[in-house]
>>> print(open('coords.cif').read())   # mmCIF, C-alpha atoms
data_start
loop_
_atom_site.label_atom_id
_atom_site.label_comp_id
_atom_site.auth_asym_id
_atom_site.auth_seq_id
_atom_site.Cartn_x
_atom_site.Cartn_y
_atom_site.Cartn_z
CA HIS G 29 -138.01 103.53 145.36
CA ASN G 30 -135.50 100.73 145.10
CA TRP G 31 -131.83 99.86 145.38
CA TYR G 32 -130.97 101.97 142.33
CA HIS G 33 -132.45 105.02 144.05
CA ALA G 34 -130.43 104.25 147.18
CA VAL G 35 -127.21 104.05 145.14
CA SER G 36 -128.10 107.23 143.26
CA CYS G 37 -128.63 109.11 146.53
CA SER G 38 -125.35 107.76 147.87
CA HIS G 39 -123.57 108.96 144.73
CA VAL G 40 -125.03 112.47 144.99
CA SER G 41 -124.19 112.58 148.70
CA PHE G 42 -120.61 111.65 147.83
CA LEU G 43 -120.65 114.46 145.26
CA PHE G 44 -121.62 116.95 147.98
CA LEU G 45 -118.86 115.69 150.25
CA THR G 46 -116.10 115.69 147.63
CA LEU G 47 -116.79 118.09 144.74
CA GLY G 48 -118.90 120.30 147.00
CA GLY G 49 -116.33 120.28 149.78
CA ALA G 50 -118.80 119.58 152.59
CA ASP G 51 -116.44 116.93 153.96
CA ALA G 52 -114.23 119.73 155.29
CA PHE G 53 -116.83 120.51 157.96
CA LEU G 54 -117.66 116.92 158.95
CA SER G 55 -115.91 114.21 160.91
CA PRO G 56 -115.23 110.81 159.32
CA LEU G 57 -118.03 109.42 161.50
CA GLU G 58 -120.50 111.97 160.15
CA ARG G 59 -119.45 111.33 156.57
CA PHE G 60 -120.12 107.65 157.17
CA CYS G 61 -123.58 108.48 158.56
CA ILE G 62 -124.45 110.44 155.44
CA ILE G 63 -123.45 107.69 153.01
CA MET G 64 -125.08 104.97 155.11
CA GLY G 65 -128.17 107.14 155.58
CA ALA G 66 -128.45 107.53 151.81
CA LEU G 67 -128.31 103.76 151.40
CA ILE G 68 -131.02 103.00 153.96
CA HIS G 69 -133.25 106.10 153.81
CA ASP G 70 -136.00 104.31 151.84
CA LEU G 71 -135.47 100.79 153.15
CA ASP G 72 -138.57 98.58 152.75
CA HIS G 73 -140.39 101.37 150.91
CA PRO G 74 -143.90 100.26 149.82
CA GLY G 75 -144.05 102.44 146.69
CA THR G 76 -146.58 104.83 148.19
CA ASN G 77 -146.05 108.02 150.18
CA ASN G 78 -146.62 109.01 153.80
CA ASP G 79 -150.00 110.54 153.03
CA PHE G 80 -151.21 107.21 151.64
CA GLU G 81 -150.16 105.43 154.84
CA VAL G 82 -151.94 108.03 156.97
CA LYS G 83 -155.14 108.01 154.87
CA ARG G 84 -155.34 104.24 155.23
CA SER G 85 -154.49 104.34 158.95
CA THR G 86 -151.97 101.57 158.35
CA PRO G 87 -150.12 99.86 161.21
CA LEU G 88 -147.01 101.81 160.22
CA ALA G 89 -148.85 105.12 160.39
CA LYS G 90 -150.21 104.25 163.83
CA ARG G 91 -146.81 103.06 165.06
CA TYR G 92 -145.11 106.31 164.13
CA GLY G 93 -147.94 108.67 165.02
CA ASN G 94 -148.57 109.74 161.40
CA ASP G 95 -145.23 111.58 161.40
CA ALA G 96 -142.54 110.83 158.79
CA VAL G 97 -143.95 107.31 158.68
CA LEU G 98 -141.80 105.79 155.93
CA GLU G 99 -138.63 107.58 157.01
CA ARG G 100 -139.00 106.33 160.58
CA HIS G 101 -139.74 102.85 159.28
CA ALA G 102 -136.59 102.89 157.15
CA ILE G 103 -134.47 103.98 160.11
CA ASN G 104 -136.00 101.28 162.28
CA MET G 105 -135.39 98.63 159.62
CA GLY G 106 -131.80 99.74 159.13
CA LEU G 107 -130.97 99.66 162.83
CA ASN G 108 -132.85 96.43 163.51
CA MET G 109 -130.91 94.79 160.70
CA CYS G 110 -127.80 95.22 162.84
CA GLN G 111 -129.41 93.44 165.78
CA GLU G 112 -130.91 90.58 163.79
CA ASN G 113 -127.94 89.64 161.60
CA PRO G 114 -124.37 89.80 162.98
CA ASP G 115 -123.02 89.71 159.42
CA LEU G 116 -124.84 92.98 158.67
CA ASP G 117 -124.09 94.69 161.98
CA TRP G 118 -122.25 97.79 160.78
CA LEU G 119 -122.88 99.42 164.18
CA ASN G 120 -120.60 96.83 165.77
CA SER G 121 -117.62 98.69 164.32
CA PHE G 122 -118.12 101.55 166.80
CA ASP G 123 -117.71 101.86 170.55
CA GLN G 124 -120.78 102.64 172.64
CA ASP G 125 -120.44 106.44 172.52
CA ASP G 126 -119.85 106.52 168.78
CA ARG G 127 -122.68 104.04 168.22
CA GLU G 128 -125.18 106.31 169.94
CA TYR G 129 -123.91 109.33 168.03
CA VAL G 130 -124.18 107.46 164.72
CA LYS G 131 -127.77 106.47 165.49
CA HIS G 132 -128.68 110.08 166.30
CA PHE G 133 -126.90 111.78 163.38
CA LEU G 134 -128.07 109.19 160.85
CA SER G 135 -131.67 109.21 162.11
CA GLU G 136 -131.99 113.00 162.07
CA SER G 137 -130.48 113.15 158.59
CA VAL G 138 -132.81 110.49 157.20
CA LEU G 139 -135.86 112.18 158.77
CA ALA G 140 -134.96 115.25 156.72
CA THR G 141 -135.83 113.32 153.55
CA ASP G 142 -139.52 113.57 154.47
CA PRO G 143 -140.96 115.94 151.82
CA ALA G 144 -142.98 117.62 154.58
CA ARG G 145 -139.68 119.03 155.90
CA HIS G 146 -138.62 120.53 152.58
CA ALA G 147 -139.58 124.11 153.43
CA ASP G 148 -137.72 123.93 156.74
CA ILE G 149 -134.57 122.70 155.00
CA VAL G 150 -134.75 125.46 152.36
CA ASN G 151 -135.37 128.16 154.96
CA GLU G 152 -132.50 127.01 157.16
CA ALA G 153 -130.17 126.86 154.15
CA LEU G 154 -131.22 130.41 153.25
CA SER G 155 -130.42 131.54 156.79
CA PHE G 156 -126.83 130.35 156.34
CA VAL G 157 -126.65 132.36 153.12
CA GLU G 158 -128.11 135.44 154.81
CA ASN G 159 -125.63 135.16 157.68
CA GLY G 160 -122.84 135.44 155.13
CA LEU G 161 -119.31 134.14 155.10
CA LYS G 162 -117.45 134.10 158.40
CA ASP G 163 -113.93 133.32 159.49
CA TYR G 164 -114.94 130.89 162.21
CA GLN G 165 -111.34 129.98 162.96
CA THR G 166 -110.44 133.59 163.77
CA ASN G 167 -113.74 134.29 165.51
CA SER G 168 -113.08 131.37 167.84
CA ASN G 169 -110.40 133.55 169.47
CA PRO G 170 -112.17 135.86 171.96
CA ASP G 171 -109.26 138.32 171.81
CA VAL G 172 -109.83 139.09 168.12
CA SER G 173 -112.69 141.33 166.96
CA GLU G 174 -114.20 141.41 163.46
CA SER G 175 -112.45 144.71 162.72
CA ASP G 176 -109.02 143.25 163.49
CA TYR G 177 -108.66 140.84 160.60
CA GLU G 178 -108.89 140.72 156.83
CA PRO G 179 -111.18 138.29 154.97
CA SER G 180 -109.28 135.15 154.02
CA SER G 181 -109.69 131.80 152.32
CA SER G 182 -110.95 130.45 155.64
CA MET G 183 -114.22 132.39 155.23
CA THR G 184 -117.05 129.83 155.18
CA HIS G 185 -120.78 129.52 155.73
CA PHE G 186 -120.36 126.67 158.20
CA ASN G 187 -118.49 126.19 161.44
CA SER G 188 -116.98 122.72 161.76
CA ASP G 189 -116.81 123.19 165.53
CA ASP G 190 -120.58 123.72 165.79
CA PRO G 191 -122.50 120.40 166.03
CA THR G 192 -125.74 122.10 164.90
CA HIS G 193 -124.02 123.20 161.68
CA ARG G 194 -122.70 119.70 161.07
CA LEU G 195 -126.08 118.08 161.70
CA PHE G 196 -127.76 120.51 159.33
CA LEU G 197 -125.26 119.52 156.65
CA GLY G 198 -126.29 115.90 157.14
CA LYS G 199 -129.93 116.85 156.71
CA LEU G 200 -129.25 119.13 153.74
CA ILE G 201 -127.16 116.58 151.87
CA LEU G 202 -129.59 113.67 152.26
CA HIS G 203 -132.68 115.71 151.43
CA SER G 204 -130.99 117.27 148.41
CA ALA G 205 -129.75 113.90 147.16
CA ASP G 206 -133.24 112.46 147.53
CA ILE G 207 -134.75 114.97 145.07
CA SER G 208 -131.81 115.19 142.67
CA ASN G 209 -133.26 113.06 139.85
CA PRO G 210 -134.00 116.06 137.55
CA LEU G 211 -130.39 117.24 137.78
CA HIS G 212 -128.57 114.54 135.86
CA VAL G 213 -126.21 115.85 133.20
CA SER G 214 -127.78 113.34 130.83
CA PHE G 215 -131.40 114.12 129.88
CA GLU G 216 -131.88 110.45 129.04
CA VAL G 217 -131.01 109.48 132.62
CA ALA G 218 -133.13 112.26 134.12
CA SER G 219 -136.14 111.34 131.96
CA ASP G 220 -135.73 107.65 132.81
CA TRP G 221 -135.93 108.52 136.51
CA ALA G 222 -138.99 110.65 135.76
CA ILE G 223 -140.75 107.68 134.14
CA ARG G 224 -139.95 105.51 137.17
CA VAL G 225 -141.34 108.11 139.58
CA ILE G 226 -144.44 108.76 137.46
CA THR G 227 -145.12 105.01 137.25
CA GLU G 228 -145.04 104.85 141.05
CA PHE G 229 -147.35 107.87 141.29
CA SER G 230 -149.84 106.34 138.86
CA ARG G 231 -149.93 103.10 140.79
CA GLN G 232 -150.65 104.94 144.02
CA ALA G 233 -153.45 106.94 142.38
CA GLU G 234 -154.97 103.69 141.10
CA LYS G 235 -154.79 102.12 144.56
CA GLU G 236 -156.47 105.17 146.07
CA LYS G 237 -159.34 104.83 143.59
CA GLN G 238 -159.70 101.12 144.33
CA LEU G 239 -159.75 101.77 148.08
CA GLN G 240 -162.11 104.75 147.64
CA LEU G 241 -159.59 107.09 149.23
CA PRO G 242 -159.10 110.75 148.25
CA VAL G 243 -156.98 110.63 145.12
CA THR G 244 -153.68 112.54 145.17
CA THR G 245 -154.30 115.04 142.36
CA PHE G 246 -150.75 115.45 141.08
CA MET G 247 -150.36 111.66 140.79
CA ASP G 248 -153.46 111.06 138.68
CA GLY G 249 -153.83 111.10 134.90
CA LEU G 250 -150.13 111.15 134.03
CA ASP G 251 -150.69 109.24 130.82
CA SER G 252 -148.75 111.22 128.21
CA GLN G 253 -145.27 112.58 127.60
CA VAL G 254 -146.60 116.12 127.72
CA LYS G 255 -148.19 115.65 131.15
CA ILE G 256 -145.01 114.06 132.45
CA ALA G 257 -142.95 116.94 131.03
CA LYS G 258 -145.19 119.50 132.75
CA VAL G 259 -144.92 117.67 136.08
CA GLN G 260 -141.13 117.56 135.81
CA ILE G 261 -140.86 121.26 134.99
CA GLY G 262 -143.16 122.11 137.89
CA PHE G 263 -141.23 119.88 140.30
CA PHE G 264 -137.95 121.50 139.30
CA ARG G 265 -139.22 125.08 139.36
CA PHE G 266 -141.05 124.96 142.68
CA MET G 267 -139.11 122.40 144.73
CA VAL G 268 -135.72 121.50 143.32
CA LYS G 269 -134.50 124.83 141.92
CA PRO G 270 -134.99 126.99 145.07
CA LEU G 271 -133.03 124.46 147.12
CA TYR G 272 -130.25 123.89 144.62
CA HIS G 273 -129.89 127.60 143.86
CA THR G 274 -129.17 128.10 147.57
CA ILE G 275 -126.80 125.12 147.56
CA GLY G 276 -124.91 126.72 144.67
CA ILE G 277 -124.26 129.72 146.90
CA LEU G 278 -123.20 127.65 149.90
CA PHE G 279 -121.05 125.31 147.78
CA SER G 280 -120.03 127.08 144.57
CA ASN G 281 -118.70 123.90 142.94
CA LEU G 282 -122.23 122.49 143.00
CA ALA G 283 -123.86 125.40 141.14
CA VAL G 284 -123.57 123.35 137.94
CA LEU G 285 -126.30 121.01 139.22
CA GLU G 286 -128.93 123.76 138.94
CA GLU G 287 -127.66 124.47 135.42
CA TRP G 288 -128.13 120.83 134.42
CA GLY G 289 -131.68 120.94 135.80
CA GLU G 290 -132.43 124.04 133.71
CA LYS G 291 -131.12 122.31 130.57
CA ASN G 292 -133.36 119.32 131.25
CA CYS G 293 -136.35 121.65 131.61
CA VAL G 294 -135.56 123.09 128.18
CA ARG G 295 -135.77 119.57 126.77
CA TYR G 296 -139.10 118.97 128.53
CA GLN G 297 -140.41 122.29 127.19
CA MET G 298 -139.46 121.17 123.68
CA ILE G 299 -141.72 118.13 124.14
CA ILE G 300 -144.58 120.39 125.21
CA ASP G 301 -144.00 122.86 122.36
CA GLU G 302 -143.88 120.07 119.79
CA GLN G 303 -147.22 118.71 120.97
CA ASP G 304 -148.74 122.20 121.01
CA LYS G 305 -147.60 122.72 117.43
CA LYS G 306 -149.11 119.40 116.36
CA GLN G 307 -152.37 120.35 118.06
CA HIS G 308 -152.35 123.79 116.41
CA ASP G 309 -151.63 122.32 112.98
CA SER G 310 -154.42 119.78 113.48
CA ASN G 311 -156.92 122.48 114.43
CA THR G 312 -155.99 124.74 111.52
CA GLY G 313 -155.65 121.96 108.97
CA GLU G 314 -152.07 122.88 108.26
CA PRO G 315 -149.75 120.05 107.13
#
>>> encode(input="coords.cif", output="structure tokens")
Amino acid sequence: HNWYHAVSCSHVSFLFLTLGGADAFLSPLERFCIIMGALIHDLDHPGTNNDFEVKRSTPLAKRYGNDAVLERHAINMGLNMCQENPDLDWLNSFDQDDREYVKHFLSESVLATDPARHADIVNEALSFVENGLKDYQTNSNPDVSESDYEPSSSMTHFNSDDPTHRLFLGKLILHSADISNPLHVSFEVASDWAIRVITEFSRQAEKEKQLQLPVTTFMDGLDSQVKIAKVQIGFFRFMVKPLYHTIGILFSNLAVLEEWGEKNCVRYQMIIDEQDKKQHDSNTGEP
């Protein structure tokens, strides 16, 4: 969790807005909130997760009531930065009403990056898929019934006039960007991010052992390429893929991201298969 991750999340968020077409449903103010939220969503991150803060009963965990501890801390740091340094006060560009709206939209979007909210994000995204495409522009006219018009290019999953739809898009984009590392078109880039994440996991597991805390199982013992490959495949299959498959339905131009993730899993599986073959050959004495 560092500046490179912040920039990466900002880039993926921009991809959602432009290639994905999500910008069509959002105001310029909301687009700003998404990009700024991506930049600050892990501000002052300690390199450990929320569970670690809670297990240690840290001052941060107590301050934020054990709920989305690091996300709330990042929001607080980002907003306080504006108050403490006039040169960094990006909120000063807005009038009072817009400033309060920015704080709300940005904060809610950043809170959605808490992994504990993943299932809620996926389920809400699925509900938009299940509700189907609608011509919100036509439906906004009370004198027109569904049987009175033909489907058109204006059929969408989201209503730009509905603030709850727009806020969900902010949440969806930031959360999706936050877990997008396995989806790089380049396996070399995706695997480099994996090594960075695994290194952070291993350090947390070591700290937990030193502090005699319960050790986070999936972070411990990641000391080989095969183990890292298995973790990455599992992360993609059970967390990333369900979300991005749904995103591919909501925003068809983004379906390619799931495809890139699948291709990276094939590469990881090749690492596992190669090691299995070496182990088999060693056991059977084959050259």
>>> closest_residue(input="coords.cif", among="G:Gly93, G:Pro56, G:Gly198, G:Gly65", to="G:Asn78", atoms="only C-alpha atoms")
G:Gly93
>>> residues_near_point(input="coords.cif", point="(-122.6, 103.1, 161.6)", cutoff="9 Å", atoms="all atoms listed in the file", output="count of residues only")
15
>>> resolve_selection(input="coords.cif", expression="the PyMOL selection byres ((chain G and resi 285) around 9)", output="list in words")
Ser208, Leu211, His212, Val213, Tyr272, His273, Gly276, Asn281, Leu282, Ala283, Val284, Glu286, Glu287, Trp288, Gly289 and Glu290 of chain G
>>> closest_residue(input="coords.cif", among="G:Ser55, G:Leu71, G:Gly49, G:Tyr32", to="G:Met105", atoms="only C-alpha atoms")
G:Leu71
>>> resolve_selection(input="coords.cif", expression="the PyMOL selection byres ((chain G and resi 195) around 9)", output="mmCIF file with C-alpha atoms, keeping the file's coordinate frame")
data_model
loop_
_atom_site.group_PDB
_atom_site.id
_atom_site.type_symbol
_atom_site.label_atom_id
_atom_site.label_comp_id
_atom_site.auth_asym_id
_atom_site.auth_seq_id
_atom_site.Cartn_x
_atom_site.Cartn_y
_atom_site.Cartn_z
ATOM 1 C CA LEU G 54 -117.660 116.920 158.950
ATOM 2 C CA GLU G 58 -120.500 111.970 160.150
ATOM 3 C CA PHE G 133 -126.900 111.780 163.380
ATOM 4 C CA GLU G 136 -131.990 113.000 162.070
ATOM 5 C CA SER G 137 -130.480 113.150 158.590
ATOM 6 C CA ASP G 190 -120.580 123.720 165.790
ATOM 7 C CA PRO G 191 -122.500 120.400 166.030
ATOM 8 C CA THR G 192 -125.740 122.100 164.900
ATOM 9 C CA HIS G 193 -124.020 123.200 161.680
ATOM 10 C CA ARG G 194 -122.700 119.700 161.070
ATOM 11 C CA PHE G 196 -127.760 120.510 159.330
ATOM 12 C CA LEU G 197 -125.260 119.520 156.650
ATOM 13 C CA GLY G 198 -126.290 115.900 157.140
ATOM 14 C CA LYS G 199 -129.930 116.850 156.710
ATOM 15 C CA LEU G 200 -129.250 119.130 153.740
#
>>> atom_distance(input="coords.cif", atom1="atom CA of G:Val294", atom2="atom CA of G:Ala218")
12.6 Å
>>> closest_residue(input="coords.cif", among="G:Ala140, G:Leu278, G:Leu250, G:Val217", to="G:Gln232", atoms="all atoms listed in the file")
G:Leu250
>>> residues_around(input="coords.cif", residues="G:Leu154", least_positions_apart="3", cutoff="12 Å", atoms="all atoms listed in the file", output="PDB file with C-alpha atoms, in the frame of the given file")
ATOM      1  CA  ALA G 147    -139.580 124.110 153.430  1.00  0.00           C
ATOM      2  CA  ASP G 148    -137.720 123.930 156.740  1.00  0.00           C
ATOM      3  CA  ILE G 149    -134.570 122.700 155.000  1.00  0.00           C
ATOM      4  CA  VAL G 150    -134.750 125.460 152.360  1.00  0.00           C
ATOM      5  CA  ASN G 151    -135.370 128.160 154.960  1.00  0.00           C
ATOM      6  CA  VAL G 157    -126.650 132.360 153.120  1.00  0.00           C
ATOM      7  CA  GLU G 158    -128.110 135.440 154.810  1.00  0.00           C
ATOM      8  CA  ASN G 159    -125.630 135.160 157.680  1.00  0.00           C
ATOM      9  CA  GLY G 160    -122.840 135.440 155.130  1.00  0.00           C
ATOM     10  CA  HIS G 185    -120.780 129.520 155.730  1.00  0.00           C
ATOM     11  CA  LEU G 200    -129.250 119.130 153.740  1.00  0.00           C
ATOM     12  CA  PRO G 270    -134.990 126.990 145.070  1.00  0.00           C
ATOM     13  CA  LEU G 271    -133.030 124.460 147.120  1.00  0.00           C
ATOM     14  CA  TYR G 272    -130.250 123.890 144.620  1.00  0.00           C
ATOM     15  CA  HIS G 273    -129.890 127.600 143.860  1.00  0.00           C
ATOM     16  CA  THR G 274    -129.170 128.100 147.570  1.00  0.00           C
ATOM     17  CA  ILE G 275    -126.800 125.120 147.560  1.00  0.00           C
ATOM     18  CA  GLY G 276    -124.910 126.720 144.670  1.00  0.00           C
ATOM     19  CA  ILE G 277    -124.260 129.720 146.900  1.00  0.00           C
ATOM     20  CA  LEU G 278    -123.200 127.650 149.900  1.00  0.00           C
TER      21      LEU G 278
END
>>> atom_distance(input="coords.cif", atom1="atom CA of G:Ala96", atom2="atom CA of G:Asn209")
21.2 Å
>>> closest_residue(input="coords.cif", among="G:Ser188, G:Met247, G:Phe264, G:Phe279", to="G:Leu43", atoms="all atoms listed in the file")
G:Phe279
>>> residues_near_point(input="coords.cif", point="(-147.8, 115.1, 162.3)", cutoff="12 Å", atoms="all atoms listed in the file", output="PyMOL selection string")
chain G and resi 78-79+82+89-90+92-97+142+144-145
>>> closest_residue(input="coords.cif", among="G:Asp72, G:Asp248, G:Asp115, G:Glu216", to="G:His29", atoms="only C-alpha atoms")
G:Asp72
>>> atom_distance(input="coords.cif", atom1="atom CA of G:Ser38", atom2="atom CA of G:Ala66")
5.0 Å
>>> resolve_selection(input="coords.cif", expression="the PyMOL selection byres ((chain G and resi 230) around 12)", output="VMD selection string")
chain G and resid 75 to 76 223 to 229 231 to 237 243 to 252 256
>>> closest_residue(input="coords.cif", among="G:Met183, G:Ile201, G:Leu139, G:Leu67", to="G:Leu45", atoms="all atoms listed in the file")
G:Ile201
>>> residues_around(input="coords.cif", residues="G:Val254", least_positions_apart="4", cutoff="12 Å", atoms="all atoms listed in the file", output="number ranges by chain")
G: 249-250, 258-261, 295-304
>>> build_atoms(input="coords.cif", residues="stretch 101-127 of chain G", atoms="N, CA and C atoms", output="CSV table (one decimal), in the coordinates of the input")
chain,number,residue,atom,x,y,z
G,101,HIS,N,-139.8,104.3,159.5
G,101,HIS,CA,-139.7,102.8,159.3
G,101,HIS,C,-138.4,102.4,158.7
G,102,ALA,N,-137.9,103.2,157.8
G,102,ALA,CA,-136.6,102.9,157.2
G,102,ALA,C,-135.5,102.9,158.2
G,103,ILE,N,-135.5,103.9,159.0
G,103,ILE,CA,-134.5,104.0,160.1
G,103,ILE,C,-134.6,102.8,161.0
G,104,ASN,N,-135.8,102.4,161.4
G,104,ASN,CA,-136.0,101.3,162.3
G,104,ASN,C,-135.5,100.0,161.6
G,105,MET,N,-135.8,99.8,160.3
G,105,MET,CA,-135.4,98.6,159.6
G,105,MET,C,-133.9,98.6,159.5
G,106,GLY,N,-133.2,99.7,159.3
G,106,GLY,CA,-131.8,99.7,159.1
G,106,GLY,C,-131.1,99.4,160.4
G,107,LEU,N,-131.6,99.9,161.5
G,107,LEU,CA,-131.0,99.7,162.8
G,107,LEU,C,-131.3,98.3,163.3
G,108,ASN,N,-132.5,97.8,163.1
G,108,ASN,CA,-132.8,96.4,163.5
G,108,ASN,C,-132.1,95.4,162.7
G,109,MET,N,-131.7,95.7,161.5
G,109,MET,CA,-130.9,94.8,160.7
G,109,MET,C,-129.6,94.5,161.4
G,110,CYS,N,-129.1,95.4,162.1
G,110,CYS,CA,-127.8,95.2,162.8
G,110,CYS,C,-128.0,94.2,164.0
G,111,GLN,N,-129.1,94.3,164.6
G,111,GLN,CA,-129.4,93.4,165.8
G,111,GLN,C,-129.7,92.0,165.4
G,112,GLU,N,-130.4,91.9,164.2
G,112,GLU,CA,-130.9,90.6,163.8
G,112,GLU,C,-129.9,89.7,163.0
G,113,ASN,N,-128.9,90.4,162.4
G,113,ASN,CA,-127.9,89.6,161.6
G,113,ASN,C,-126.5,90.1,161.9
G,114,PRO,N,-125.7,89.4,162.6
G,114,PRO,CA,-124.4,89.8,163.0
G,114,PRO,C,-123.5,90.1,161.7
G,115,ASP,N,-123.8,89.5,160.6
G,115,ASP,CA,-123.0,89.7,159.4
G,115,ASP,C,-123.3,91.1,158.8
G,116,LEU,N,-124.5,91.7,159.2
G,116,LEU,CA,-124.8,93.0,158.7
G,116,LEU,C,-124.7,94.1,159.7
G,117,ASP,N,-124.1,93.7,160.9
G,117,ASP,CA,-124.1,94.7,162.0
G,117,ASP,C,-123.0,95.7,161.8
G,118,TRP,N,-123.3,96.7,161.0
G,118,TRP,CA,-122.2,97.8,160.8
G,118,TRP,C,-122.1,98.7,162.0
G,119,LEU,N,-123.0,98.7,162.9
G,119,LEU,CA,-122.9,99.4,164.2
G,119,LEU,C,-121.8,98.8,165.1
G,120,ASN,N,-121.5,97.5,164.9
G,120,ASN,CA,-120.6,96.8,165.8
G,120,ASN,C,-119.2,97.4,165.6
G,121,SER,N,-118.9,98.1,164.6
G,121,SER,CA,-117.6,98.7,164.3
G,121,SER,C,-117.3,99.9,165.3
G,122,PHE,N,-118.3,100.4,166.0
G,122,PHE,CA,-118.1,101.6,166.8
G,122,PHE,C,-118.2,101.2,168.3
G,123,ASP,N,-117.5,102.0,169.1
G,123,ASP,CA,-117.7,101.9,170.6
G,123,ASP,C,-119.1,102.4,170.9
G,124,GLN,N,-119.4,102.3,172.2
G,124,GLN,CA,-120.8,102.6,172.6
G,124,GLN,C,-121.1,104.1,172.4
G,125,ASP,N,-120.2,105.0,172.7
G,125,ASP,CA,-120.4,106.4,172.5
G,125,ASP,C,-120.6,106.8,171.0
G,126,ASP,N,-119.7,106.3,170.2
G,126,ASP,CA,-119.8,106.5,168.8
G,126,ASP,C,-121.1,105.9,168.2
G,127,ARG,N,-121.5,104.7,168.7
G,127,ARG,CA,-122.7,104.0,168.2
G,127,ARG,C,-123.9,104.9,168.5
